[in-house]
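J.: Input structure.cif, format and content: mmCIF, C-alpha atoms.
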```
data_entry
#
loop_
_atom_site.label_atom_id
_atom_site.label_comp_id
_atom_site.auth_asym_id
_atom_site.auth_seq_id
_atom_site.Cartn_x
_atom_site.Cartn_y
_atom_site.Cartn_z
CA MET A 222 -45.69 18.56 13.33
CA ARG A 223 -45.63 16.18 10.38
CA ASN A 224 -42.61 17.93 8.87
CA LEU A 225 -40.81 17.77 12.20
CA LEU A 226 -41.48 14.03 12.44
CA LEU A 227 -40.25 13.50 8.87
CA LEU A 228 -37.13 15.53 9.62
CA LEU A 229 -36.42 13.42 12.73
CA VAL A 230 -36.81 10.19 10.73
CA VAL A 231 -34.45 11.46 8.02
CA LEU A 232 -31.88 12.63 10.59
CA GLY A 233 -32.10 9.33 12.47
CA THR A 234 -31.55 7.33 9.28
CA LEU A 235 -28.65 9.55 8.25
CA SER A 236 -27.09 9.26 11.71
CA PHE A 237 -27.35 5.46 11.64
CA THR A 238 -25.84 5.27 8.15
CA LEU A 239 -22.96 7.57 9.07
CA SER A 240 -22.20 5.65 12.26
CA LYS A 241 -21.98 2.41 10.25
CA GLU A 242 -19.57 4.11 7.84
CA VAL A 243 -17.44 5.44 10.70
CA THR A 244 -17.33 1.92 12.18
CA ARG A 245 -16.22 0.51 8.82
CA ASN A 246 -13.49 3.13 8.58
CA VAL A 247 -12.30 2.43 12.13
CA GLU A 248 -12.14 -1.29 11.31
CA LYS A 249 -10.13 -0.56 8.17
CA ALA A 250 -7.84 1.71 10.16
CA SER A 251 -7.03 -1.26 12.37
CA ILE A 252 -4.01 -1.90 10.14
CA ALA A 253 -2.11 0.14 12.67
CA LEU A 254 1.24 0.02 14.38
CA GLY A 255 2.09 -3.42 15.73
CA LYS A 256 -0.89 -5.22 14.20
CA GLU A 257 -0.39 -8.20 11.91
CA ALA A 258 -0.21 -7.08 8.29
CA PRO A 259 -2.96 -8.49 6.08
CA LYS A 260 -1.74 -11.42 3.99
CA PHE A 261 -1.58 -11.17 0.22
CA LEU A 262 -0.98 -13.33 -2.85
CA LEU A 263 0.03 -11.32 -5.91
CA LYS A 264 1.85 -11.96 -9.19
CA ASN A 265 5.01 -10.31 -10.42
CA ASN A 266 5.86 -9.11 -13.92
CA ASN A 267 6.85 -12.69 -14.88
CA GLY A 268 3.63 -14.26 -13.58
CA GLU A 269 5.23 -15.74 -10.44
CA GLU A 270 3.19 -15.63 -7.22
CA PHE A 271 4.41 -13.89 -4.08
CA THR A 272 3.01 -13.86 -0.54
CA LEU A 273 3.89 -11.70 2.44
CA ASP A 274 4.99 -14.80 4.37
CA GLN A 275 7.86 -15.32 1.91
CA PHE A 276 9.57 -12.25 3.33
CA LYS A 277 9.50 -13.10 7.06
CA GLY A 278 12.80 -12.23 8.67
CA LYS A 279 13.25 -9.01 6.67
CA LEU A 280 11.61 -5.62 6.71
CA VAL A 281 9.17 -5.19 3.81
CA TYR A 282 8.69 -1.78 2.21
CA ILE A 283 5.73 -1.68 -0.17
CA ASN A 284 5.64 1.24 -2.58
CA LEU A 285 2.24 1.63 -4.28
CA TRP A 286 2.24 3.26 -7.69
CA THR A 287 0.85 3.20 -11.25
CA THR A 288 2.21 4.04 -14.67
CA TRP A 289 -0.46 6.71 -15.11
CA SER A 290 0.28 8.59 -11.86
CA GLU A 291 3.07 11.11 -12.30
CA PRO A 292 3.50 11.71 -8.55
CA SER A 293 3.92 7.97 -7.93
CA LYS A 294 6.36 7.61 -10.85
CA GLU A 295 8.41 10.53 -9.49
CA GLU A 296 9.06 8.46 -6.34
CA LEU A 297 10.72 5.61 -8.25
CA PRO A 298 14.21 7.12 -8.78
CA TYR A 299 14.40 7.91 -5.05
CA LEU A 300 13.33 4.36 -4.27
CA GLN A 301 16.15 2.97 -6.43
CA GLU A 302 18.64 4.79 -4.19
CA PHE A 303 17.17 3.14 -1.09
CA ILE A 304 17.26 -0.26 -2.77
CA ASP A 305 20.98 0.22 -3.42
CA SER A 306 21.59 1.13 0.23
CA TYR A 307 19.22 -1.14 2.16
CA SER A 308 18.58 -4.27 0.08
CA ASP A 309 20.43 -6.49 2.58
CA ALA A 310 17.90 -5.72 5.32
CA VAL A 311 14.78 -4.58 3.45
CA VAL A 312 12.67 -6.25 0.75
CA PHE A 313 11.42 -3.57 -1.64
CA ILE A 314 8.11 -4.29 -3.34
CA ASN A 315 6.84 -1.98 -6.06
CA LEU A 316 3.13 -2.74 -6.10
CA SER A 317 1.30 -1.41 -9.12
CA VAL A 318 -2.38 -0.63 -9.04
CA ASP A 319 -2.43 -0.37 -12.84
CA TYR A 320 -5.57 -1.65 -14.50
CA GLN A 321 -5.40 -5.23 -15.76
CA ARG A 322 -5.84 -3.98 -19.32
CA ASP A 323 -2.60 -1.98 -18.89
CA ILE A 324 -0.33 -4.84 -17.77
CA GLY A 325 1.67 -4.54 -21.01
CA SER A 326 2.39 -0.86 -20.34
CA TRP A 327 3.37 -1.69 -16.75
CA LYS A 328 5.86 -4.36 -17.86
CA LYS A 329 7.33 -2.07 -20.54
CA TYR A 330 7.78 0.74 -18.04
CA ILE A 331 9.59 -1.52 -15.57
CA ASN A 332 11.96 -2.77 -18.28
CA LYS A 333 12.53 0.63 -19.90
CA GLN A 334 13.33 2.30 -16.57
CA LYS A 335 15.37 -0.73 -15.39
CA LEU A 336 13.58 -0.62 -12.06
CA LYS A 337 14.99 -2.73 -9.24
CA GLY A 338 13.08 -4.50 -6.51
CA ILE A 339 10.18 -6.92 -6.70
CA HIS A 340 7.40 -5.81 -9.05
CA LEU A 341 3.89 -6.97 -8.21
CA ILE A 342 0.51 -5.92 -9.55
CA THR A 343 -2.90 -6.00 -7.88
CA ASP A 344 -5.18 -8.69 -9.23
CA ARG A 345 -8.39 -6.67 -9.53
CA ASP A 346 -7.18 -3.11 -9.87
CA TRP A 347 -8.65 -0.89 -7.12
CA GLN A 348 -11.05 -3.67 -6.05
CA SER A 349 -8.27 -6.09 -5.09
CA ASP A 350 -8.11 -7.69 -1.67
CA PHE A 351 -4.80 -5.91 -1.03
CA ILE A 352 -6.28 -2.47 -1.71
CA ASN A 353 -9.26 -3.20 0.53
CA SER A 354 -7.26 -4.86 3.32
CA TYR A 355 -4.73 -2.04 3.53
CA ASN A 356 -7.37 0.66 3.02
CA VAL A 357 -5.58 2.23 0.06
CA VAL A 358 -7.53 5.18 -1.28
CA LYS A 359 -4.78 7.10 -3.08
CA ILE A 360 -1.26 6.81 -4.39
CA PRO A 361 1.60 7.27 -3.98
CA ARG A 362 1.58 5.42 -0.70
CA ALA A 363 4.08 3.30 1.17
CA ILE A 364 3.75 0.67 3.89
CA LEU A 365 6.50 -0.73 6.13
CA ILE A 366 6.17 -4.20 7.67
CA ASP A 367 8.53 -5.64 10.29
CA LYS A 368 10.46 -8.92 10.23
CA GLU A 369 7.60 -10.78 11.93
CA GLY A 370 4.94 -9.52 9.52
CA ASN A 371 3.50 -6.71 11.65
CA ILE A 372 2.75 -3.18 10.52
CA ILE A 373 5.45 -0.68 11.47
CA ASN A 374 3.89 2.16 9.51
CA ALA A 375 0.78 1.89 7.30
CA PHE A 376 1.54 5.34 5.90
CA ALA A 377 5.33 5.18 5.73
CA PRO A 378 7.40 8.06 4.37
CA LYS A 379 7.67 8.12 0.60
CA PRO A 380 11.12 7.61 -0.96
CA SER A 381 11.38 11.33 -1.73
CA GLN A 382 11.16 11.98 2.03
CA LYS A 383 14.74 10.78 2.33
CA ALA A 384 15.59 11.85 5.88
CA GLN A 385 12.36 10.49 7.35
CA LEU A 386 12.58 7.19 5.50
CA THR A 387 16.27 6.74 6.33
CA ARG A 388 15.51 7.31 10.02
CA LEU A 389 12.60 4.85 9.89
CA PHE A 390 14.71 2.16 8.21
CA ASP A 391 17.65 2.68 10.56
CA THR A 392 15.51 2.42 13.70
CA SER A 393 13.48 -0.53 12.35
CA ILE A 394 16.45 -2.62 11.23
CA LYS A 395 17.97 -2.76 14.74
#
```
Output the file's structure in the form of C-alpha cells.
T.:
Amino acid sequence: MRNLLLLLVVLGTLSFTLSKEVTRNVEKASIALGKEAPKFLLKNNNGEEFTLDQFKGKLVYINLWTTWSEPSKEELPYLQEFIDSYSDAVVFINLSVDYQRDIGSWKKYINKQKLKGIHLITDRDWQSDFINSYNVVKIPRAILIDKEGNIINAFAPKPSQKAQLTRLFDTSIK
C-alpha cells in the first residue's frame, strides 16, 4: 500500500511537471502564422544596431547559421542566389548564433566568402532573447516575416529548397 501511494505521488509530480513543460512549449510555439514577430535588437558585423521595425514594408527572411555548422554553411551559396533575385522585395538577414568568443572568425568568414545580405549576430549565443523568443533549438533554420512584421512561416524553407522557397517568396510578395 505504501509503495502504491509513493508511486502515485511520483506519477502525480511527473504529470504536473510535464504539463507545465507542454504549456511552455505551446506558448513558445505561438510564433505561428499571422502572429506578430517578436522584436529584436541585434548588432551587425560593423557593430551597428538593427531592429525588426527597420524593415517594415518589406518581407524579411532570416537565415540562422554558424561558422561551425557545416549544414548551415552549405545553405549560404543558395541564399546568395536568392539575394540576387529578390533583394528588391525581401530583406535577407544572415543571423549567426556563433559564440561571442568567435566573433572574429564570424567576421572573417563573411569577408572571405563575400557574403551578401545583412549580417547580424545573437548577443548571448544560444541564450539570446532572439533564440528564446523564436524558439530556435537547431540550425539551419529560416524564418519569413511579412511587410507588417507578422510571421509568415516560423520554419520557412531553407535556401537549398529552391522550389519551395521561390513559391513562398512569389506568393508572399504579392
J.: Translate the PyMOL selection byres ((chain A and resi 280-287) around 8), as applied to the file shown, into an explicit residue set as a PyMOL selection string.
T.: chain A and resi 276-279+288-290+293-294+310-319+327+360-368+379+393-394
J.: As an exercise, work out the distance from atom CA of A:Ile352 to atom CA of A:Ala377 in Å and give it to one decimal place.
T.: 15.8 Å
J.: Each residue of stretch 299-372 of chain A with at least one atom at most 10 Å from stretch 250-270 of chain A should appear once, together with its nearest atom pair and the corresponding distance in Å (one decimal); atoms considered: all atoms listed in the file; ordering: chain, then increasing residue number; output as a tab-separated table.
T.:
```
residue	atom	partner	partner_atom	distance
A:Ile314	CA	A:Asn265	CA	9.8
A:Asn315	CA	A:Asn265	CA	9.6
A:Leu316	CA	A:Asn265	CA	8.9
A:Ser317	CA	A:Asn265	CA	9.7
A:Ile324	CA	A:Asn266	CA	8.4
A:Gly325	CA	A:Asn266	CA	9.4
A:Trp327	CA	A:Asn266	CA	8.3
A:Lys328	CA	A:Asn266	CA	6.2
A:Lys329	CA	A:Asn266	CA	9.8
A:Ile331	CA	A:Asn266	CA	8.6
A:Asn332	CA	A:Asn266	CA	9.8
A:Ile339	CA	A:Asn265	CA	7.2
A:His340	CA	A:Asn265	CA	5.3
A:Leu341	CA	A:Asn265	CA	4.2
A:Ile342	CA	A:Lys264	CA	6.2
A:Thr343	CA	A:Leu263	CA	6.4
A:Asp344	CA	A:Leu263	CA	6.7
A:Ser349	CA	A:Leu263	CA	9.8
A:Asp350	CA	A:Phe261	CA	7.6
A:Phe351	CA	A:Phe261	CA	6.3
A:Asn353	CA	A:Pro259	CA	9.9
A:Ser354	CA	A:Pro259	CA	6.3
A:Tyr355	CA	A:Ile252	CA	6.7
A:Asn356	CA	A:Ala250	CA	7.2
A:Ile364	CA	A:Ala258	CA	9.8
A:Leu365	CA	A:Ala258	CA	9.5
A:Ile366	CA	A:Ala258	CA	7.0
A:Asp367	CA	A:Gly255	CA	8.7
A:Glu369	CA	A:Glu257	CA	8.4
A:Gly370	CA	A:Ala258	CA	5.8
A:Asn371	CA	A:Glu257	CA	4.2
A:Ile372	CA	A:Leu254	CA	5.2
```
J.: Please produce a file of those selected residues containing C-alpha atoms, as a PDB file, keeping the file's coordinate frame.
T.:
```pdb
ATOM      1  CA  ILE A 314       8.110  -4.290  -3.340  1.00  0.00           C
ATOM      2  CA  ASN A 315       6.840  -1.980  -6.060  1.00  0.00           C
ATOM      3  CA  LEU A 316       3.130  -2.740  -6.100  1.00  0.00           C
ATOM      4  CA  SER A 317       1.300  -1.410  -9.120  1.00  0.00           C
ATOM      5  CA  ILE A 324      -0.330  -4.840 -17.770  1.00  0.00           C
ATOM      6  CA  GLY A 325       1.670  -4.540 -21.010  1.00  0.00           C
ATOM      7  CA  TRP A 327       3.370  -1.690 -16.750  1.00  0.00           C
ATOM      8  CA  LYS A 328       5.860  -4.360 -17.860  1.00  0.00           C
ATOM      9  CA  LYS A 329       7.330  -2.070 -20.540  1.00  0.00           C
ATOM     10  CA  ILE A 331       9.590  -1.520 -15.570  1.00  0.00           C
ATOM     11  CA  ASN A 332      11.960  -2.770 -18.280  1.00  0.00           C
ATOM     12  CA  ILE A 339      10.180  -6.920  -6.700  1.00  0.00           C
ATOM     13  CA  HIS A 340       7.400  -5.810  -9.050  1.00  0.00           C
ATOM     14  CA  LEU A 341       3.890  -6.970  -8.210  1.00  0.00           C
ATOM     15  CA  ILE A 342       0.510  -5.920  -9.550  1.00  0.00           C
ATOM     16  CA  THR A 343      -2.900  -6.000  -7.880  1.00  0.00           C
ATOM     17  CA  ASP A 344      -5.180  -8.690  -9.230  1.00  0.00           C
ATOM     18  CA  SER A 349      -8.270  -6.090  -5.090  1.00  0.00           C
ATOM     19  CA  ASP A 350      -8.110  -7.690  -1.670  1.00  0.00           C
ATOM     20  CA  PHE A 351      -4.800  -5.910  -1.030  1.00  0.00           C
ATOM     21  CA  ASN A 353      -9.260  -3.200   0.530  1.00  0.00           C
ATOM     22  CA  SER A 354      -7.260  -4.860   3.320  1.00  0.00           C
ATOM     23  CA  TYR A 355      -4.730  -2.040   3.530  1.00  0.00           C
ATOM     24  CA  ASN A 356      -7.370   0.660   3.020  1.00  0.00           C
ATOM     25  CA  ILE A 364       3.750   0.670   3.890  1.00  0.00           C
ATOM     26  CA  LEU A 365       6.500  -0.730   6.130  1.00  0.00           C
ATOM     27  CA  ILE A 366       6.170  -4.200   7.670  1.00  0.00           C
ATOM     28  CA  ASP A 367       8.530  -5.640  10.290  1.00  0.00           C
ATOM     29  CA  GLU A 369       7.600 -10.780  11.930  1.00  0.00           C
ATOM     30  CA  GLY A 370       4.940  -9.520   9.520  1.00  0.00           C
ATOM     31  CA  ASN A 371       3.500  -6.710  11.650  1.00  0.00           C
ATOM     32  CA  ILE A 372       2.750  -3.180  10.520  1.00  0.00           C
TER      33      ILE A 372
END
```
J.: Using Å and a single decimal, report how far atom CA of A:Pro380 sits from atom CA of A:Glu295.
T.: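 Between these atoms lies a distance of 9.4 Å.
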J.: Applying the PyMOL selection byres ((chain A and resi 298-303) around 8) to the file I just gave you, which residues come out? Please list them as a PyMOL selection string.
T.: chain A and resi 295-297+304-308+336-337+380-381+383
J.: Between A:Ser326, A:Arg388, A:Val357, A:Gln321, single out the one closest to A:Arg345, counting only C-alpha atoms.
T.: A:Gln321
J.: What does the distance from atom CA of A:Leu389 to atom CA of A:Leu273 come to in Å, to one decimal?
T.: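 According to the coordinates, atom CA of A:Leu389 and atom CA of A:Leu273 are separated by 20.1 Å.
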